[in-house]
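Q: So here's start.pdb (PDB, C-alpha atoms).
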ATOM      1  CA  MET A   1     174.631-191.303  76.391
ATOM      2  CA  ASN A   2     170.969-191.735  77.172
ATOM      3  CA  ARG A   3     169.547-192.054  80.662
ATOM      4  CA  ARG A   4     170.464-195.415  82.172
ATOM      5  CA  LEU A   5     168.760-197.268  85.004
ATOM      6  CA  PHE A   6     170.744-199.789  86.971
ATOM      7  CA  LYS A   7     169.920-202.292  89.659
ATOM      8  CA  ILE A   8     172.107-202.221  92.734
ATOM      9  CA  LYS A   9     171.715-205.338  94.878
ATOM     10  CA  LEU A  10     172.650-205.955  98.498
ATOM     11  CA  ASN A  11     172.445-209.683  99.158
ATOM     12  CA  GLU A  12     171.974-211.490 102.464
ATOM     13  CA  ILE A  13     172.590-208.680 104.920
ATOM     14  CA  LYS A  14     172.636-210.510 108.268
ATOM     15  CA  LEU A  15     171.409-208.595 111.320
ATOM     16  CA  TYR A  16     170.280-209.527 114.813
ATOM     17  CA  GLY A  17     167.115-207.770 115.900
ATOM     18  CA  PHE A  18     164.049-207.690 118.097
ATOM     19  CA  HIS A  19     161.182-207.672 115.621
ATOM     20  CA  GLY A  20     158.024-209.681 116.126
ATOM     21  CA  VAL A  21     154.710-209.911 117.880
ATOM     22  CA  THR A  22     155.628-212.222 120.765
ATOM     23  CA  ASN A  23     157.459-211.273 123.952
ATOM     24  CA  GLU A  24     160.190-213.755 123.053
ATOM     25  CA  GLU A  25     160.797-212.027 119.712
ATOM     26  CA  GLN A  26     160.768-208.566 121.310
ATOM     27  CA  ASN A  27     163.100-209.506 124.204
ATOM     28  CA  VAL A  28     165.331-212.378 123.049
ATOM     29  CA  GLY A  29     165.488-211.466 119.370
ATOM     30  CA  SER A  30     166.570-213.484 116.379
ATOM     31  CA  TRP A  31     168.645-213.359 113.218
ATOM     32  CA  PHE A  32     167.303-211.726 110.065
ATOM     33  CA  THR A  33     168.472-211.638 106.476
ATOM     34  CA  ILE A  34     167.675-208.712 104.201
ATOM     35  CA  ASN A  35     167.928-208.690 100.412
ATOM     36  CA  LEU A  36     167.602-205.353  98.675
ATOM     37  CA  VAL A  37     167.385-204.325  95.030
ATOM     38  CA  VAL A  38     167.233-200.641  94.148
ATOM     39  CA  GLN A  39     166.630-199.409  90.646
ATOM     40  CA  THR A  40     168.391-196.103  90.220
ATOM     41  CA  GLU A  41     169.531-193.684  87.586
ATOM     42  CA  VAL A  42     173.291-193.643  87.144
ATOM     43  CA  ASN A  43     175.027-190.642  85.674
ATOM     44  CA  PRO A  44     176.930-191.721  82.538
ATOM     45  CA  GLU A  45     179.904-189.667  83.760
ATOM     46  CA  SER A  46     180.339-192.070  86.688
ATOM     47  CA  MET A  47     180.475-195.058  84.346
ATOM     48  CA  VAL A  48     182.941-193.468  81.962
ATOM     49  CA  GLY A  49     184.970-191.556  84.551
ATOM     50  CA  ASP A  50     184.767-194.111  87.380
ATOM     51  CA  HIS A  51     183.233-191.596  89.829
ATOM     52  CA  LEU A  52     181.133-192.620  92.834
ATOM     53  CA  SER A  53     179.349-189.256  92.865
ATOM     54  CA  GLY A  54     177.084-190.200  89.944
ATOM     55  CA  THR A  55     175.630-193.346  91.484
ATOM     56  CA  VAL A  56     174.315-194.687  94.790
ATOM     57  CA  ASP A  57     176.964-195.697  97.334
ATOM     58  CA  TYR A  58     175.891-199.156  98.532
ATOM     59  CA  SER A  59     177.713-198.713 101.849
ATOM     60  CA  LYS A  60     175.362-195.801 102.548
ATOM     61  CA  LEU A  61     172.384-197.952 101.548
ATOM     62  CA  SER A  62     173.450-200.524 104.136
ATOM     63  CA  ASP A  63     173.944-197.802 106.789
ATOM     64  CA  CYS A  64     170.369-196.635 106.188
ATOM     65  CA  ILE A  65     169.048-200.205 106.475
ATOM     66  CA  VAL A  66     170.868-200.741 109.782
ATOM     67  CA  ARG A  67     169.531-197.456 111.230
ATOM     68  CA  GLU A  68     165.935-198.453 110.516
ATOM     69  CA  PHE A  69     166.511-202.069 111.544
ATOM     70  CA  GLU A  70     167.590-200.954 115.029
ATOM     71  CA  ILE A  71     164.058-199.598 115.661
ATOM     72  CA  LYS A  72     161.738-202.404 116.849
ATOM     73  CA  SER A  73     158.748-203.384 114.718
ATOM     74  CA  LYS A  74     156.113-205.998 115.405
ATOM     75  CA  LEU A  75     155.568-206.742 111.728
ATOM     76  CA  LEU A  76     158.122-207.392 109.011
ATOM     77  CA  GLU A  77     155.775-205.533 106.672
ATOM     78  CA  HIS A  78     156.171-202.406 108.792
ATOM     79  CA  LEU A  79     159.952-202.790 108.880
ATOM     80  CA  ALA A  80     160.095-203.191 105.079
ATOM     81  CA  PHE A  81     157.971-200.065 104.651
ATOM     82  CA  ARG A  82     160.143-197.995 107.018
ATOM     83  CA  ILE A  83     163.392-199.097 105.386
ATOM     84  CA  SER A  84     162.018-198.351 101.904
ATOM     85  CA  LYS A  85     160.676-194.949 102.919
ATOM     86  CA  SER A  86     164.016-194.000 104.458
ATOM     87  CA  LEU A  87     165.916-195.100 101.363
ATOM     88  CA  PHE A  88     163.684-193.023  99.072
ATOM     89  CA  GLU A  89     164.082-190.002 101.360
ATOM     90  CA  ASN A  90     167.869-190.305 101.486
ATOM     91  CA  PHE A  91     168.624-191.244  97.868
ATOM     92  CA  GLN A  92     166.800-189.065  95.358
ATOM     93  CA  THR A  93     167.811-191.084  92.276
ATOM     94  CA  ILE A  94     166.215-194.333  93.468
ATOM     95  CA  GLU A  95     163.099-195.088  91.438
ATOM     96  CA  GLN A  96     162.109-198.523  92.722
ATOM     97  CA  ILE A  97     162.964-200.744  95.676
ATOM     98  CA  THR A  98     162.424-204.460  96.115
ATOM     99  CA  ILE A  99     163.095-205.622  99.648
ATOM    100  CA  GLU A 100     162.900-209.060 101.227
ATOM    101  CA  ILE A 101     163.195-209.520 104.984
ATOM    102  CA  CYS A 102     163.649-213.074 106.294
ATOM    103  CA  LYS A 103     163.286-214.028 109.944
ATOM    104  CA  GLN A 104     165.552-217.005 110.596
ATOM    105  CA  THR A 105     163.985-219.801 112.667
ATOM    106  CA  PRO A 106     160.776-218.013 113.674
ATOM    107  CA  PRO A 107     159.264-219.150 116.999
ATOM    108  CA  ILE A 108     156.479-221.352 115.641
ATOM    109  CA  SER A 109     155.711-225.050 115.992
ATOM    110  CA  VAL A 110     156.757-225.988 112.440
ATOM    111  CA  ASN A 111     160.419-226.598 111.673
ATOM    112  CA  MET A 112     161.470-224.171 108.936
ATOM    113  CA  LYS A 113     164.515-222.232 107.824
ATOM    114  CA  SER A 114     162.839-218.817 107.698
ATOM    115  CA  ALA A 115     159.685-216.790 107.202
ATOM    116  CA  SER A 116     159.838-213.739 104.981
ATOM    117  CA  VAL A 117     158.055-210.852 103.351
ATOM    118  CA  GLU A 118     158.956-209.303 100.020
ATOM    119  CA  PHE A 119     157.662-206.034  98.611
ATOM    120  CA  ALA A 120     158.350-203.814  95.626
ATOM    121  CA  PHE A 121     157.874-200.099  96.207
ATOM    122  CA  SER A 122     158.069-197.067  93.945
ATOM    123  CA  LYS A 123     158.210-193.475  95.195
ATOM    124  CA  GLU A 124     154.548-193.081  94.258
ATOM    125  CA  ASP A 125     153.598-196.064  96.432
ATOM    126  CA  LEU A 126     154.999-194.298  99.474
ATOM    127  CA  LEU A 127     153.524-190.890  98.573
ATOM    128  CA  LEU A 128     156.911-189.129  98.499
TER     129      LEU A 128
END
I need this file expressed as structure tokens, please.
A:
Amino acid sequence: MNRRLFKIKLNEIKLYGFHGVTNEEQNVGSWFTINLVVQTEVNPESMVGDHLSGTVDYSKLSDCIVREFEIKSKLLEHLAFRISKSLFENFQTIEQITIEICKQTPPISVNMKSASVEFAFSKEDLLL
């Protein structure tokens, strides 16, 4: 079999955190939703033989996200960068990451469901 790239998706990870510029965001916190897509090489042996060792374990992806999420950031852009950098450092077969971070009910005067940032990163983008 030739080299195969797969997308592994983690959808609507819900976490409570203290990210934001205002004191209210830093002290009271709010709910966030994270969507992640990683493009990774999967060893054909894992497809044929049903072995986890040849692919990326999505439970470990989520553990990495939670670890970075627990560290406060003022900007969602900074949080997305840190999560992506950590994922590239911990999972060598990942080639590209698309991450969306949504802040549910941000503290602004307009009624809205969420505010979000979305980025696509490659290893080269993060100078790894």
Q: Record the distance separating CA of Ile13 (chain A) and CA of Arg67 (chain A), expressed in Å with one decimal.
A: 13.2 Å
Q: The PyMOL selection byres ((chain A and resi 25) around 12) on the file shown: which residues, as number ranges by chain?
A: A: 16-24, 26-32, 72-76, 103-108
Q: Please determine an axis-aligned box that encloses all atoms of region 33-37 of chain A listed in the file, with 5 Å added on each side, and express its centre and edge lengths in Å to one decimal as lines of an AutoDock Vina configuration file.
A:
center_x = 167.9
center_y = -208.0
center_z = 100.8
size_x = 11.1
size_y = 17.3
size_z = 21.4
Q: How would you write as a list in words the residues that get within 9 Å of (168.7, -200.1, 102.5) in the file's frame, counting all atoms listed in the file?
A: Leu10, Ile34, Asn35, Leu36, Val37, Val38, Tyr58, Lys60, Leu61, Ser62, Asp63, Cys64, Ile65, Val66, Glu68, Ile83, Ser84, Ser86, Leu87, Ile97 and Ile99 of chain A
Q: Would you write out those residues with C-alpha atoms, as a tab-separated table (two decimals), in the frame of the given file?
A:
chain	number	residue	atom	x	y	z
A	10	LEU	CA	172.65	-205.96	98.50
A	34	ILE	CA	167.68	-208.71	104.20
A	35	ASN	CA	167.93	-208.69	100.41
A	36	LEU	CA	167.60	-205.35	98.68
A	37	VAL	CA	167.38	-204.32	95.03
A	38	VAL	CA	167.23	-200.64	94.15
A	58	TYR	CA	175.89	-199.16	98.53
A	60	LYS	CA	175.36	-195.80	102.55
A	61	LEU	CA	172.38	-197.95	101.55
A	62	SER	CA	173.45	-200.52	104.14
A	63	ASP	CA	173.94	-197.80	106.79
A	64	CYS	CA	170.37	-196.64	106.19
A	65	ILE	CA	169.05	-200.20	106.48
A	66	VAL	CA	170.87	-200.74	109.78
A	68	GLU	CA	165.94	-198.45	110.52
A	83	ILE	CA	163.39	-199.10	105.39
A	84	SER	CA	162.02	-198.35	101.90
A	86	SER	CA	164.02	-194.00	104.46
A	87	LEU	CA	165.92	-195.10	101.36
A	97	ILE	CA	162.96	-200.74	95.68
A	99	ILE	CA	163.10	-205.62	99.65
Q: What is the CA of Cys102 (chain A) to CA of Glu118 (chain A) distance in Å?
A: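 Here the two named atoms are 8.7 Å from each other.
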Q: Which residue gives the smallest distance to Val117 (chain A) among A:Gln96, A:Thr33, A:Thr55, A:Gln39, with all atoms listed in the file counted?
A: A:Thr33
Q: Quick one: distance from CA of Glu95 (chain A) to CA of Leu15 (chain A) in Å, one decimal?
A: 25.4 Å
Q: Extract region 10-43 of chain A from the preceding block and save N, CA, C and O atoms as a CSV table (one decimal), in the first residue's frame.
A:
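Saved the output as result-v5.csv:
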chain,number,residue,atom,x,y,z
A,10,LEU,N,-11.9,15.8,15.9
A,10,LEU,CA,-12.6,15.8,17.3
A,10,LEU,C,-13.6,17.0,17.2
A,10,LEU,O,-13.2,18.1,17.0
A,11,ASN,N,-14.8,16.7,17.4
A,11,ASN,CA,-15.9,17.7,17.2
A,11,ASN,C,-16.5,18.1,18.5
A,11,ASN,O,-16.9,17.3,19.4
A,12,GLU,N,-16.6,19.4,18.7
A,12,GLU,CA,-17.3,20.0,19.8
A,12,GLU,C,-16.9,19.6,21.2
A,12,GLU,O,-17.6,19.2,22.0
A,13,ILE,N,-15.6,19.7,21.4
A,13,ILE,CA,-15.0,19.5,22.7
A,13,ILE,C,-15.5,20.6,23.6
A,13,ILE,O,-15.2,21.8,23.3
A,14,LYS,N,-16.2,20.4,24.7
A,14,LYS,CA,-16.7,21.4,25.5
A,14,LYS,C,-15.9,21.5,26.8
A,14,LYS,O,-15.7,20.5,27.5
A,15,LEU,N,-15.3,22.7,27.0
A,15,LEU,CA,-14.4,23.0,28.2
A,15,LEU,C,-14.8,24.3,28.8
A,15,LEU,O,-15.2,25.2,28.1
A,16,TYR,N,-14.6,24.4,30.1
A,16,TYR,CA,-14.8,25.6,30.8
A,16,TYR,C,-13.5,26.2,31.1
A,16,TYR,O,-12.6,25.5,31.6
A,17,GLY,N,-13.3,27.5,30.8
A,17,GLY,CA,-11.9,28.1,30.9
A,17,GLY,C,-12.0,29.6,31.2
A,17,GLY,O,-13.1,30.2,31.2
A,18,PHE,N,-10.8,30.1,31.4
A,18,PHE,CA,-10.6,31.5,31.8
A,18,PHE,C,-9.8,32.3,30.8
A,18,PHE,O,-8.8,32.9,31.2
A,19,HIS,N,-10.2,32.3,29.6
A,19,HIS,CA,-9.5,32.9,28.5
A,19,HIS,C,-10.2,34.2,28.1
A,19,HIS,O,-11.4,34.2,28.0
A,20,GLY,N,-9.5,35.3,28.0
A,20,GLY,CA,-10.1,36.5,27.5
A,20,GLY,C,-9.3,37.7,28.1
A,20,GLY,O,-8.4,37.6,28.9
A,21,VAL,N,-9.6,38.8,27.6
A,21,VAL,CA,-8.9,40.1,27.9
A,21,VAL,C,-9.5,40.7,29.2
A,21,VAL,O,-8.8,41.3,29.9
A,22,THR,N,-10.8,40.6,29.4
A,22,THR,CA,-11.4,41.3,30.5
A,22,THR,C,-11.2,40.6,31.8
A,22,THR,O,-11.0,39.4,31.8
A,23,ASN,N,-11.3,41.3,32.9
A,23,ASN,CA,-11.3,40.7,34.3
A,23,ASN,C,-12.3,39.6,34.4
A,23,ASN,O,-12.1,38.6,35.0
A,24,GLU,N,-13.5,39.9,33.9
A,24,GLU,CA,-14.6,39.0,34.0
A,24,GLU,C,-14.3,37.6,33.4
A,24,GLU,O,-14.5,36.6,33.9
A,25,GLU,N,-13.7,37.7,32.2
A,25,GLU,CA,-13.3,36.5,31.5
A,25,GLU,C,-12.2,35.7,32.2
A,25,GLU,O,-12.2,34.5,32.3
A,26,GLN,N,-11.3,36.5,32.8
A,26,GLN,CA,-10.1,35.9,33.5
A,26,GLN,C,-10.5,35.3,34.8
A,26,GLN,O,-9.9,34.3,35.3
A,27,ASN,N,-11.5,35.8,35.5
A,27,ASN,CA,-11.9,35.4,36.8
A,27,ASN,C,-13.2,34.5,36.9
A,27,ASN,O,-13.2,33.6,37.7
A,28,VAL,N,-14.2,34.9,36.1
A,28,VAL,CA,-15.4,34.1,36.1
A,28,VAL,C,-15.4,33.0,35.1
A,28,VAL,O,-15.9,31.9,35.4
A,29,GLY,N,-14.8,33.2,34.0
A,29,GLY,CA,-14.7,32.2,33.0
A,29,GLY,C,-15.9,32.0,32.1
A,29,GLY,O,-16.9,32.7,32.3
A,30,SER,N,-15.8,31.1,31.2
A,30,SER,CA,-17.0,30.8,30.3
A,30,SER,C,-16.7,29.5,29.6
A,30,SER,O,-15.7,28.9,29.7
A,31,TRP,N,-17.8,29.0,28.9
A,31,TRP,CA,-17.7,27.8,28.2
A,31,TRP,C,-17.1,28.0,26.8
A,31,TRP,O,-17.3,29.0,26.2
A,32,PHE,N,-16.3,27.0,26.3
A,32,PHE,CA,-15.7,27.1,25.0
A,32,PHE,C,-16.0,25.8,24.3
A,32,PHE,O,-16.2,24.7,25.0
A,33,THR,N,-16.0,25.8,23.0
A,33,THR,CA,-16.1,24.6,22.2
A,33,THR,C,-14.9,24.6,21.2
A,33,THR,O,-14.5,25.6,20.6
A,34,ILE,N,-14.2,23.5,21.1
A,34,ILE,CA,-13.1,23.3,20.3
A,34,ILE,C,-13.4,22.2,19.2
A,34,ILE,O,-13.8,21.1,19.6
A,35,ASN,N,-13.1,22.5,18.0
A,35,ASN,CA,-13.2,21.6,16.9
A,35,ASN,C,-11.8,21.4,16.3
A,35,ASN,O,-11.1,22.4,16.0
A,36,LEU,N,-11.3,20.2,16.1
A,36,LEU,CA,-10.0,19.9,15.7
A,36,LEU,C,-10.0,19.0,14.5
A,36,LEU,O,-10.7,18.0,14.6
A,37,VAL,N,-9.2,19.2,13.5
A,37,VAL,CA,-9.0,18.3,12.4
A,37,VAL,C,-7.5,18.2,12.3
A,37,VAL,O,-6.8,19.2,12.1
A,38,VAL,N,-7.0,16.9,12.4
A,38,VAL,CA,-5.5,16.7,12.1
A,38,VAL,C,-5.4,15.8,10.9
A,38,VAL,O,-6.1,14.9,10.7
A,39,GLN,N,-4.5,16.2,10.0
A,39,GLN,CA,-4.2,15.4,8.9
A,39,GLN,C,-2.9,14.6,9.2
A,39,GLN,O,-1.9,15.3,9.6
A,40,THR,N,-3.0,13.3,9.2
A,40,THR,CA,-1.9,12.5,9.7
A,40,THR,C,-1.6,11.3,8.8
A,40,THR,O,-2.6,10.8,8.1
A,41,GLU,N,-0.4,10.8,8.8
A,41,GLU,CA,-0.1,9.6,8.0
A,41,GLU,C,-0.5,8.4,8.9
A,41,GLU,O,-0.3,8.4,10.1
A,42,VAL,N,-1.2,7.5,8.3
A,42,VAL,CA,-1.6,6.3,9.0
A,42,VAL,C,-0.8,5.1,8.4
A,42,VAL,O,-0.9,4.9,7.2
A,43,ASN,N,-0.2,4.3,9.2
A,43,ASN,CA,0.5,3.1,8.8
A,43,ASN,C,-0.5,2.1,8.2
A,43,ASN,O,-1.5,1.8,8.9
